[in-house]
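Asks: Let me begin by handing over the structure; questions about it come next.
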Amino acid sequence: MRWTRAAGRALLVAAVVLAGHAGFGVRSDAGAASASRGPLTLVTAGDLTHYLSPLLDDWNAAHASERVTLVELPDSADESRAQMISELRSGRDRFDVLNIDVAWTSEFAAAGWIAPLDRGRFPLDAFLRPVVDTATFDGRLYAVPYVTNAGLLYYRKDILDREGEQPPRTWDELARQARTIAPKYGLDGYAGQFLPYEGLTVNVTEAVHSAGGSILRDDGARVTVDSDAARSGLRFLADGVREGWIPRDALGYKEEESRQAFQDGRLLFLRNWPYVYADAGASGSNVAGRFGAVPLPGRAGPGTSVLGGSNLAVSSHTRHPASAADLISYLTSERVQRQVLTKGSLPPVRAALYEDPELVRSHPYLPTLRQSVLAAVPRPKSPLYDQVSLTVQAVAQDVMALRQTPEQGVARLARELGPLSRRD
């Protein structure tokens, strides 16, 4: 995931109130009791492209007794999460289906706020392989992938072509080009999302994994950050600031600030989400027709992105689990997933769409995005993910502001994350 508009677009929280904690997934032709069917509430964090209402109009036209009401939360992922948690903790059944950020699945599942799902109910084999992992916790499926996201490296193709250079595949190549080429054209070298918020957690996690490391073990039970790879990842970011090819201004960038800097023609390189492709290529952009996008570079070759996007989950208090399951199937069907891309500008989870010739012509970044998604990793899985993320942000902020060395930062991460790891 973008943590304002893109995360907001993706955070479609379809509230469907599920009774109990048992897995469910009743088909509409399975003769379910009428109590398991009925109207639903679908909650989203700011559908800024307004693509969702027409999709729900189609559903409502065909399901008169199972109509979906759309509730939009704030664009901010943090604010949306807070409002969702407040409702879920209350035990009320206001929300039925929750389109939660992929990083929240473990937290919501561990707290008992969402119900496990029947794997056989959904065509998981048709989805891009890594996205399914974001919907699981403790070996069980607790959500269904709805949209995905992976970071890309945007670059000024016109400038690299003029210099006879290819886009970078390694950190050394990126640093050299950002340090030596960008100043010749009056540009800053490289930026990501470095303000201390969720975007910084994403950028740091990508740097650590792109060096071959990790922050927590996959099940969140053990801290793994105390490694040469993690030190190398933080050093890459800190060196960029120290050497000047990451501008100090970038320490205050979120997605939109960094996109604007690139779109205005002030950056040679930008790490951001796929939505930037359409915005930067639109009429009025200073870089329209003059940029490209490639997978993120890493320490010794192609790097690793963090998976973004959102998953559809069902509230543990829903009264209409059969309707909830059918709505999730509808929203993840190939027909609707195609509209998620073409109308909502969100990356779909269905693998076949990334190789559809018509879609590739209209969205030329799809093959690159597919490559990035297939090589991507989830953020650290933890029932205490919010605290894990805040810890990563605080440490990374001090390292990138050059108040702590990468070595000191990794030692601090290992120390402060220890109490947050799971103890089975």
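In the structure tokens, each chain is lettered A, B, ... as it comes, each chain's residues begin at 1, and ligands are numbered from 1 in order of appearance.
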Could you go through stretch 101-219 of chain A and tell me which residues DSSP, when run on the backbone, assigns to helix (DSSP H, G or I), listing them as JSON, numbers by chain?
Replies: {"A": [102, 103, 104, 105, 106, 107, 108, 109, 110, 119, 120, 121, 124, 125, 126, 129, 130, 131, 132, 133, 157, 158, 159, 160, 161, 162, 171, 172, 173, 174, 175, 176, 177, 178, 179, 180, 182, 183, 184, 185, 198, 199, 200, 201, 202, 203, 204, 205, 206, 207, 208, 209, 210]}
Asks: What parts of stretch 75-284 of chain A does DSSP call strand (DSSP E)? I'd like the answer as an NGL selection string.
Replies: :A and (97-101 or 136-137 or 140-141 or 144-150 or 152-156 or 188-191 or 267-272)
Asks: Give me the residues of stretch 77-187 of chain A that have any atom at most 9 Å from an atom of stretch 37-54 of chain A; for each, the nearest atom pair and the distance in Å, rounded to one decimal. Use only C-alpha atoms, sort by chain and number, and format it as CSV.
Replies:
residue,atom,partner,partner_atom,distance
A:Ala77,CA,A:Ala45,CA,7.0
A:Glu79,CA,A:Ala45,CA,8.7
A:Ser80,CA,A:Ala45,CA,6.0
A:Arg81,CA,A:Ala45,CA,9.0
A:Met84,CA,A:Val43,CA,9.0
A:Arg94,CA,A:Thr41,CA,7.1
A:Phe95,CA,A:Thr41,CA,5.6
A:Asp96,CA,A:Thr41,CA,5.4
A:Val97,CA,A:Leu42,CA,5.8
A:Leu98,CA,A:Val43,CA,6.5
A:Asn99,CA,A:Thr44,CA,6.8
A:Ile100,CA,A:Thr44,CA,8.9
Asks: Name the residues in contact with A:Leu160 at a cut-off of 12 Å, using only C-alpha atoms, excluding same-chain residues fewer than 3 positions from it; report them as a list of chain:residue names.
Replies: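 After dropping sequence-adjacent residues, the list is A:Tyr154, A:Tyr155, A:Arg156, A:Lys157, A:Glu163, A:Gly164, A:Glu165, A:Gln166, A:Pro167, A:Pro168, A:Leu174, A:Gln177, A:Ala178, A:Thr180, A:Ile181, A:Ala182, A:Lys184, A:Tyr185, A:Leu268, A:Phe269, A:Arg290, A:Phe291, A:Gly292.
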Asks: Between A:Arg179, A:Arg89, A:Arg412, A:His317, single out the one closest to A:Trp245, counting only C-alpha atoms.
Replies: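 So, comparing all the options, the nearest one is A:Arg179.
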Asks: Any idea what's packed within 10 Å of A:Phe108, counting only C-alpha atoms, ignoring anything in its chain fewer than 4 positions away? Could you give it as number ranges by chain?
Replies: A: 85, 88, 100, 103-104, 112-115, 137, 142, 313, 315, 382-385
Asks: Just checking: using only C-alpha atoms, which residue out of A:Ser283, A:Ser258, A:Ser345, A:Ser329 ends up closest to A:Gly192?
Replies: A:Ser258
Asks: Using only C-alpha atoms, pick whichever of A:Ser214, A:Ala414, A:Gly120, A:Pro419 has the shortest atom-to-atom distance to A:Asp226.
Replies: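 Of all the options, A:Ala414 lies closest to A:Asp226.
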Asks: Of the candidates A:Pro348, A:Gly252, A:Pro378, A:Gly308, which one gets nearest to A:Leu152 if we count only C-alpha atoms?
Replies: A:Gly308
Asks: Would you mind telling me which residue in A:Tyr146, A:Phe236, A:Phe194, A:Phe127 lies nearest to A:Leu327 when using only C-alpha atoms?
Replies: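 Nearest candidate to A:Leu327 out of A:Tyr146, A:Phe236, A:Phe194, A:Phe127: A:Tyr146.
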Asks: When you draw a straight line from atom CA of A:Val340 to atom CA of A:Val147, how long is it in Å?
Replies: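 These two atoms are separated by 8.0 Å.
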Asks: When you count only C-alpha atoms, which of these residues is closest to A:Arg176: A:Ala143, A:Val71, A:Ile246, A:Ala62?
Replies: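 Of A:Ala143, A:Val71, A:Ile246, A:Ala62, the one nearest A:Arg176 is A:Ile246, counting only C-alpha atoms.
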Asks: One decimal, Å: what's the distance from atom CA of A:Ala300 over to atom CA of A:Leu187, could you say?
Replies: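 Atom-to-atom, atom CA of A:Ala300 and atom CA of A:Leu187 are spaced 25.6 Å apart.
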Asks: So what do you get for atom CA of A:Thr391 versus atom CA of A:Val131, distance-wise?
Replies: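 So the answer is 25.0 Å.
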Asks: List the spatial neighbours of A:Gly212 as a PyMOL selection string - criterion: any atom at most 12 Å away, only C-alpha atoms, same-chain residues fewer than 2 positions off excluded.
Replies: chain A and resi 205-210+214-215+224-225+227-233+298-304+377
Asks: Limited to N, CA and C atoms, could you put the picked residues into a file as a short mmCIF file (atom, residue, chain, number, x, y, z; two decimals), in the first residue's frame?
Replies:
data_model
loop_
_atom_site.label_atom_id
_atom_site.label_comp_id
_atom_site.auth_asym_id
_atom_site.auth_seq_id
_atom_site.Cartn_x
_atom_site.Cartn_y
_atom_site.Cartn_z
N THR A 205 11.03 -1.66 5.99
CA THR A 205 10.86 -3.10 5.80
C THR A 205 11.38 -3.53 4.44
N GLU A 206 11.10 -2.71 3.41
CA GLU A 206 11.62 -3.03 2.07
C GLU A 206 13.15 -3.00 2.06
N ALA A 207 13.75 -2.03 2.72
CA ALA A 207 15.21 -1.95 2.73
C ALA A 207 15.81 -3.16 3.43
N VAL A 208 15.23 -3.56 4.55
CA VAL A 208 15.76 -4.71 5.30
C VAL A 208 15.62 -5.99 4.47
N HIS A 209 14.46 -6.20 3.88
CA HIS A 209 14.26 -7.41 3.07
C HIS A 209 15.09 -7.37 1.79
N SER A 210 15.27 -6.19 1.21
CA SER A 210 16.07 -6.08 -0.02
C SER A 210 17.54 -6.37 0.23
N SER A 214 15.09 -9.59 7.74
CA SER A 214 13.70 -9.52 8.14
C SER A 214 13.63 -8.83 9.49
N ILE A 215 12.44 -8.48 9.91
CA ILE A 215 12.23 -7.79 11.19
C ILE A 215 11.69 -8.75 12.25
N THR A 224 13.88 -10.94 14.52
CA THR A 224 14.98 -11.37 13.66
C THR A 224 15.78 -10.19 13.11
N VAL A 225 15.55 -9.01 13.63
CA VAL A 225 16.12 -7.80 13.03
C VAL A 225 17.60 -7.63 13.33
N SER A 227 20.68 -8.25 12.57
CA SER A 227 21.41 -8.93 11.49
C SER A 227 22.20 -7.91 10.68
N ASP A 228 23.22 -8.41 9.98
CA ASP A 228 23.98 -7.54 9.07
C ASP A 228 23.08 -6.98 7.98
N ALA A 229 22.09 -7.78 7.56
CA ALA A 229 21.19 -7.32 6.50
C ALA A 229 20.38 -6.11 6.97
N ALA A 230 19.86 -6.16 8.18
CA ALA A 230 19.09 -5.03 8.69
C ALA A 230 19.97 -3.80 8.85
N ARG A 231 21.18 -4.00 9.32
CA ARG A 231 22.11 -2.86 9.43
C ARG A 231 22.40 -2.28 8.06
N SER A 232 22.55 -3.15 7.05
CA SER A 232 22.81 -2.68 5.69
C SER A 232 21.62 -1.89 5.15
N GLY A 233 20.39 -2.35 5.42
CA GLY A 233 19.21 -1.65 4.94
C GLY A 233 19.08 -0.26 5.53
N GLY A 298 17.86 -3.55 -5.04
CA GLY A 298 18.25 -4.10 -3.75
C GLY A 298 19.74 -4.02 -3.56
N ARG A 299 20.23 -4.65 -2.50
CA ARG A 299 21.64 -4.54 -2.18
C ARG A 299 22.53 -5.11 -3.28
N ALA A 300 22.15 -6.26 -3.83
CA ALA A 300 22.99 -6.90 -4.83
C ALA A 300 22.24 -7.24 -6.11
N GLY A 301 21.03 -6.76 -6.25
CA GLY A 301 20.20 -7.06 -7.42
C GLY A 301 18.80 -6.55 -7.16
N PRO A 302 17.82 -7.04 -7.90
CA PRO A 302 16.45 -6.56 -7.68
C PRO A 302 16.05 -6.69 -6.22
N GLY A 303 15.36 -5.69 -5.72
CA GLY A 303 14.99 -5.66 -4.33
C GLY A 303 13.64 -6.29 -4.06
N THR A 304 13.13 -6.07 -2.87
CA THR A 304 11.88 -6.67 -2.41
C THR A 304 10.93 -5.58 -1.97
N VAL A 377 6.86 -9.12 -0.03
CA VAL A 377 6.66 -9.76 1.26
C VAL A 377 5.63 -8.97 2.08
#
Asks: What's around A:Glu334 at 9 Å? Count only C-alpha atoms, leave out sequence neighbours fewer than 5 positions away in its own chain, and write the answer as an NGL selection string.
Replies: :A and (339 or 350 or 352-353)
Asks: Would you put the residues from that selection into a file with N, CA and C atoms, as a CSV table (one decimal), in the first residue's frame?
Replies:
chain,number,residue,atom,x,y,z
A,339,GLN,N,-13.0,-4.2,-13.1
A,339,GLN,CA,-13.4,-2.8,-12.8
A,339,GLN,C,-12.7,-2.2,-11.7
A,350,ARG,N,-6.5,-10.8,-9.0
A,350,ARG,CA,-6.6,-11.9,-9.9
A,350,ARG,C,-5.4,-11.9,-10.9
A,352,ALA,N,-4.7,-13.5,-13.7
A,352,ALA,CA,-4.9,-13.5,-15.1
A,352,ALA,C,-5.0,-12.1,-15.7
A,353,LEU,N,-5.5,-11.2,-14.9
A,353,LEU,CA,-5.7,-9.8,-15.4
A,353,LEU,C,-4.3,-9.1,-15.7
Asks: Neighbours of A:Ser333 within 9 Å (only C-alpha atoms; same-chain residues fewer than 5 positions away dropped), as a list in words?
Replies: Pro123, Ile328, Arg338 and Arg350 of chain A
